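**Q** This is the structure I want to talk about, given as structure tokens.
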Amino acid sequence: MATAQIFNYTMSIIASSKSELRKFFLSKRNKVTKKYSNYVSLEITNYAEEIIDTFALSNIAGFYPFRNEINTLPLLKKLHSFGSLICLPVTPLDNSHLSFRKWNIDTKLNIGKYGILEPPEYCEETLPNLLLVPLLAYDVFGNRIGYGGGFYDKTLQYLHSKNNKIISIGVAFKFQECNYIPSEKHDIKLNAILNEDGLKLIKNK
């Protein structure tokens, strides 16, 4: 088999595997009860100080919870109380990377491209140095599966080009851990995972 054919065949296997994993873990997450989701949302706030002490970074991007994602707002409020600047992502109208605008508890949010709430235009844009990342699945090597739009992949690449110290922490339920997630050379691994059991650093990153 020619090299190009092997490459295309391998890529189709990876795409197929990721697609299947995405469906599987989305189905699992959709079954999370409101009670358990609220429990995890509050539980991860206990690790706010550890995040700050571990990474010593003060411009933190969270995300506004969408559908069955973990609600990170209590964590963001706690991080803000420790003196961190907090921002939220803004989804671009095209397929480029996310941008970020400053946020606090009093900010009135607008509905963005996919129905996700985001800071309005009058909020100052900023470049975070620590990024909390939503996901559908992760593994112990720091690989992740998102929703298929590629926004966070493009955003991590962009932020790395601006700041080689950018830290990314996947925020997930512990049942979203996968034994193995196919990865490609251009994929940027997470630095850590935050779930109800705590902050787990990716040791081999």
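Each chain of the structure tokens is named A, B, ... in the order shown, its residues numbered from 1; ligands are numbered from 1 in display order.
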Range 45-155 of chain A near range 17-38 of chain A within 7 Å: what's each residue's closest atom pair and its distance in Å to one decimal, counting only C-alpha atoms, ordered by chain then ascending residue number, as a tab-separated table?
**A**
```
residue	atom	partner	partner_atom	distance
A:Asn68	CA	A:Asn30	CA	6.2
A:Ile70	CA	A:Ser37	CA	6.3
A:Leu136	CA	A:Phe25	CA	5.9
A:Ala137	CA	A:Phe25	CA	6.4
A:Ile145	CA	A:Arg22	CA	6.7
```
**Q** How would the residues just picked look written out with N, CA and C atoms as a JSON list (two decimals), in the first residue's frame?
**A**
```
[["chain", "number", "residue", "atom", "x", "y", "z"],
["A", 68, "ASN", "N", -25.01, 19.49, 29.51],
["A", 68, "ASN", "CA", -24.67, 18.73, 30.71],
["A", 68, "ASN", "C", -23.22, 18.92, 31.16],
["A", 70, "ILE", "N", -20.09, 20.39, 33.33],
["A", 70, "ILE", "CA", -19.95, 20.79, 34.72],
["A", 70, "ILE", "C", -20.05, 22.31, 34.81],
["A", 136, "LEU", "N", -15.46, 15.89, 26.25],
["A", 136, "LEU", "CA", -16.33, 14.72, 26.36],
["A", 136, "LEU", "C", -15.59, 13.52, 26.92],
["A", 137, "ALA", "N", -14.29, 13.43, 26.66],
["A", 137, "ALA", "CA", -13.51, 12.31, 27.16],
["A", 137, "ALA", "C", -12.04, 12.72, 27.25],
["A", 145, "ILE", "N", -11.10, 14.50, 23.86],
["A", 145, "ILE", "CA", -12.05, 14.55, 22.75],
["A", 145, "ILE", "C", -13.05, 15.65, 23.06]]
```
**Q** Could you list, as a PyMOL selection string, every residue within 10 Å of Leu159 in chain A, counting only C-alpha atoms and ignoring same-chain residues fewer than 6 positions away?
**A** chain A and resi 97-99+127-131+165-167
**Q** What does the file look like for those residues with C-alpha atoms, as an mmCIF file, in the first residue's frame?
**A**
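Written file, out.cif:
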```cif
data_model
loop_
_atom_site.group_PDB
_atom_site.id
_atom_site.type_symbol
_atom_site.label_atom_id
_atom_site.label_comp_id
_atom_site.auth_asym_id
_atom_site.auth_seq_id
_atom_site.Cartn_x
_atom_site.Cartn_y
_atom_site.Cartn_z
ATOM 1 C CA HIS A 97 -9.954 30.304 17.382
ATOM 2 C CA LEU A 98 -11.906 31.509 20.397
ATOM 3 C CA SER A 99 -11.337 34.981 21.813
ATOM 4 C CA LEU A 127 -5.317 36.584 26.577
ATOM 5 C CA PRO A 128 -5.532 34.009 29.390
ATOM 6 C CA ASN A 129 -2.505 32.105 30.617
ATOM 7 C CA LEU A 130 -4.582 29.296 32.127
ATOM 8 C CA LEU A 131 -7.434 27.680 30.259
ATOM 9 C CA LYS A 165 3.466 29.112 29.234
ATOM 10 C CA ILE A 166 -0.228 28.596 28.537
ATOM 11 C CA ILE A 167 -1.670 25.898 30.820
#
```
**Q** Given only C-alpha atoms as the basis, pick out the residue of A:Gly146, A:Pro89, A:Pro74, A:Pro65 nearest to Lys102 in chain A.
**A**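 Result for the nearest residue to Lys102 in chain A: A:Pro89.
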**Q** Find the residues near Leu109 in chain A: any atom within 7 Å, counting only C-alpha atoms, skip ones fewer than 3 places away on the same chain, and give them as an MDAnalysis selection string.
**A** chainID A and resid 117:120
**Q** How would the residues just chosen look if you wrote them out with N, CA and C atoms as a PDB file, in the first residue's frame?
**A**
```pdb
ATOM      1  N   LEU A 117     -23.845  31.314  26.517  1.00  0.00           N
ATOM      2  CA  LEU A 117     -23.719  32.680  27.024  1.00  0.00           C
ATOM      3  C   LEU A 117     -22.257  33.116  27.038  1.00  0.00           C
ATOM      4  N   GLU A 118     -22.031  34.377  26.674  1.00  0.00           N
ATOM      5  CA  GLU A 118     -20.672  34.914  26.618  1.00  0.00           C
ATOM      6  C   GLU A 118     -20.691  36.421  26.904  1.00  0.00           C
ATOM      7  N   PRO A 119     -19.559  36.975  27.337  1.00  0.00           N
ATOM      8  CA  PRO A 119     -19.501  38.408  27.654  1.00  0.00           C
ATOM      9  C   PRO A 119     -19.767  39.266  26.421  1.00  0.00           C
ATOM     10  N   PRO A 120     -20.436  40.415  26.608  1.00  0.00           N
ATOM     11  CA  PRO A 120     -20.738  41.308  25.481  1.00  0.00           C
ATOM     12  C   PRO A 120     -19.497  42.048  24.991  1.00  0.00           C
TER      13      PRO A 120
END
```
**Q** Just how far from CA of Thr91 in chain A is CA of Gly150 in chain A, in Å to one decimal?
**A** 11.4 Å
**Q** Hey, which of A:Gly198, A:Pro92, A:Arg101, A:Leu132 ends up closest to Lys113 in chain A? Count only C-alpha atoms.
**A**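 Among the listed residues, the smallest separation from Lys113 in chain A belongs to A:Pro92.
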**Q** As a PyMOL selection string, list the residues of range 59-184 of chain A assigned to strand (DSSP E or B) by DSSP on the backbone atoms of this structure.
**A** chain A and resi 59-61+85-90+99-102+110-111+117-118+125+130-134+137-138+144-145+167-171+177
**Q** Please measure the separation of CA of Leu199 in chain A and CA of Ala61 in chain A, giving the value in Å to one decimal.
**A**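 If I compute the distance from CA of Leu199 in chain A to CA of Ala61 in chain A, I get 16.6 Å.
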**Q** Considering only C-alpha atoms, state which residue in the set A:Asn95, A:Phe100, A:Leu201, A:Thr45 is at the smallest distance from Ser81 in chain A.
**A**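 Nearest candidate to Ser81 in chain A out of A:Asn95, A:Phe100, A:Leu201, A:Thr45: A:Thr45.
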**Q** Nearest to Ser41 in chain A: which of A:Ile193, A:Val171, A:Gly112, A:Asn143 is it, counting only C-alpha atoms?
**A**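 Closest to Ser41 in chain A of all the choices is A:Val171.
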**Q** Calculated over only C-alpha atoms, which of the candidates A:Lys108, A:Arg144, A:His160, A:Arg67 has the smallest distance to Tyr180 in chain A?
**A**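 The closest residue to Tyr180 in chain A is A:Arg144.
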**Q** List the spatial neighbours of Trp103 in chain A as an MDAnalysis selection string - criterion: any atom at most 7 Å away, only C-alpha atoms, same-chain residues fewer than 3 positions off excluded.
**A** chainID A and resid 86:88 107 119
**Q** Find, counting only C-alpha atoms, the residue in A:Lys185, A:Ser168, A:Glu50, A:Thr72 that gets nearest to Thr155 in chain A.
**A** A:Ser168
**Q** Skipping near chain neighbours, those fewer than 3 positions away, what residues fall within 9 Å of Asn191 in chain A using only C-alpha atoms, listed as number ranges by chain?
**A** A: 142, 167-170, 200-203, 205
**Q** Would you export the selected residues with C-alpha atoms as an mmCIF file, in the first residue's frame, please?
**A**
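Final file, again-v7.cif:
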```
data_model
loop_
_atom_site.group_PDB
_atom_site.id
_atom_site.type_symbol
_atom_site.label_atom_id
_atom_site.label_comp_id
_atom_site.auth_asym_id
_atom_site.auth_seq_id
_atom_site.Cartn_x
_atom_site.Cartn_y
_atom_site.Cartn_z
ATOM 1 C CA GLY A 142 -3.575 14.347 28.452
ATOM 2 C CA ILE A 167 -1.670 25.898 30.820
ATOM 3 C CA SER A 168 -4.740 23.848 29.913
ATOM 4 C CA ILE A 169 -6.839 21.964 32.465
ATOM 5 C CA GLY A 170 -9.599 19.652 31.294
ATOM 6 C CA LYS A 200 -4.615 15.393 38.434
ATOM 7 C CA LEU A 201 -1.398 16.533 36.749
ATOM 8 C CA ILE A 202 -0.357 14.942 33.454
ATOM 9 C CA LYS A 203 3.070 13.660 34.466
ATOM 10 C CA LYS A 205 3.417 15.866 29.254
#
```
**Q** To one decimal place, how far is CA of Val140 in chain A from CA of Lys78 in chain A in Å?
**A**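 For CA of Val140 in chain A relative to CA of Lys78 in chain A, the distance reads 26.6 Å.
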**Q** Could you give me the residues within range 45-194 of chain A that DSSP places in helix (DSSP H, G or I), as JSON, numbers by chain?
**A** {"A": [45, 46, 47, 48, 49, 50, 51, 52, 53, 54, 55, 73, 74, 75, 76, 77, 78, 79, 80, 81, 151, 152, 153, 154, 155, 156, 157, 158, 159, 160, 161, 162, 174, 175, 176]}
**Q** Please save C-alpha atoms of the selected residues as a tab-separated table (two decimals), in the first residue's frame.
**A**
```
chain	number	residue	atom	x	y	z
A	45	THR	CA	-14.29	24.61	43.95
A	46	ASN	CA	-12.29	23.01	46.78
A	47	TYR	CA	-9.29	22.87	44.46
A	48	ALA	CA	-9.25	26.56	43.48
A	49	GLU	CA	-6.34	27.38	45.78
A	50	GLU	CA	-4.41	24.31	44.60
A	51	ILE	CA	-4.80	25.43	40.98
A	52	ILE	CA	-3.38	28.85	41.81
A	53	ASP	CA	-0.55	27.45	43.95
A	54	THR	CA	0.39	24.79	41.40
A	55	PHE	CA	0.50	26.95	38.29
A	73	LEU	CA	-19.10	29.30	37.68
A	74	PRO	CA	-18.71	28.55	41.43
A	75	LEU	CA	-15.06	27.64	40.78
A	76	LEU	CA	-14.51	30.83	38.77
A	77	LYS	CA	-16.02	32.92	41.54
A	78	LYS	CA	-13.68	31.26	44.05
A	79	LEU	CA	-10.66	31.85	41.82
A	80	HIS	CA	-11.73	35.48	41.42
A	81	SER	CA	-11.97	35.84	45.22
A	151	PHE	CA	-12.35	25.46	18.47
A	152	TYR	CA	-10.26	24.51	21.50
A	153	ASP	CA	-7.59	22.82	19.37
A	154	LYS	CA	-7.22	25.99	17.31
A	155	THR	CA	-7.37	28.15	20.43
A	156	LEU	CA	-4.64	26.19	22.24
A	157	GLN	CA	-2.42	26.42	19.17
A	158	TYR	CA	-3.07	30.17	18.96
A	159	LEU	CA	-2.42	30.77	22.66
A	160	HIS	CA	0.78	28.72	22.51
A	161	SER	CA	1.97	30.93	19.66
A	162	LYS	CA	1.37	33.97	21.87
A	174	LYS	CA	-14.32	11.16	36.45
A	175	PHE	CA	-16.46	8.74	34.41
A	176	GLN	CA	-15.32	10.63	31.30
```
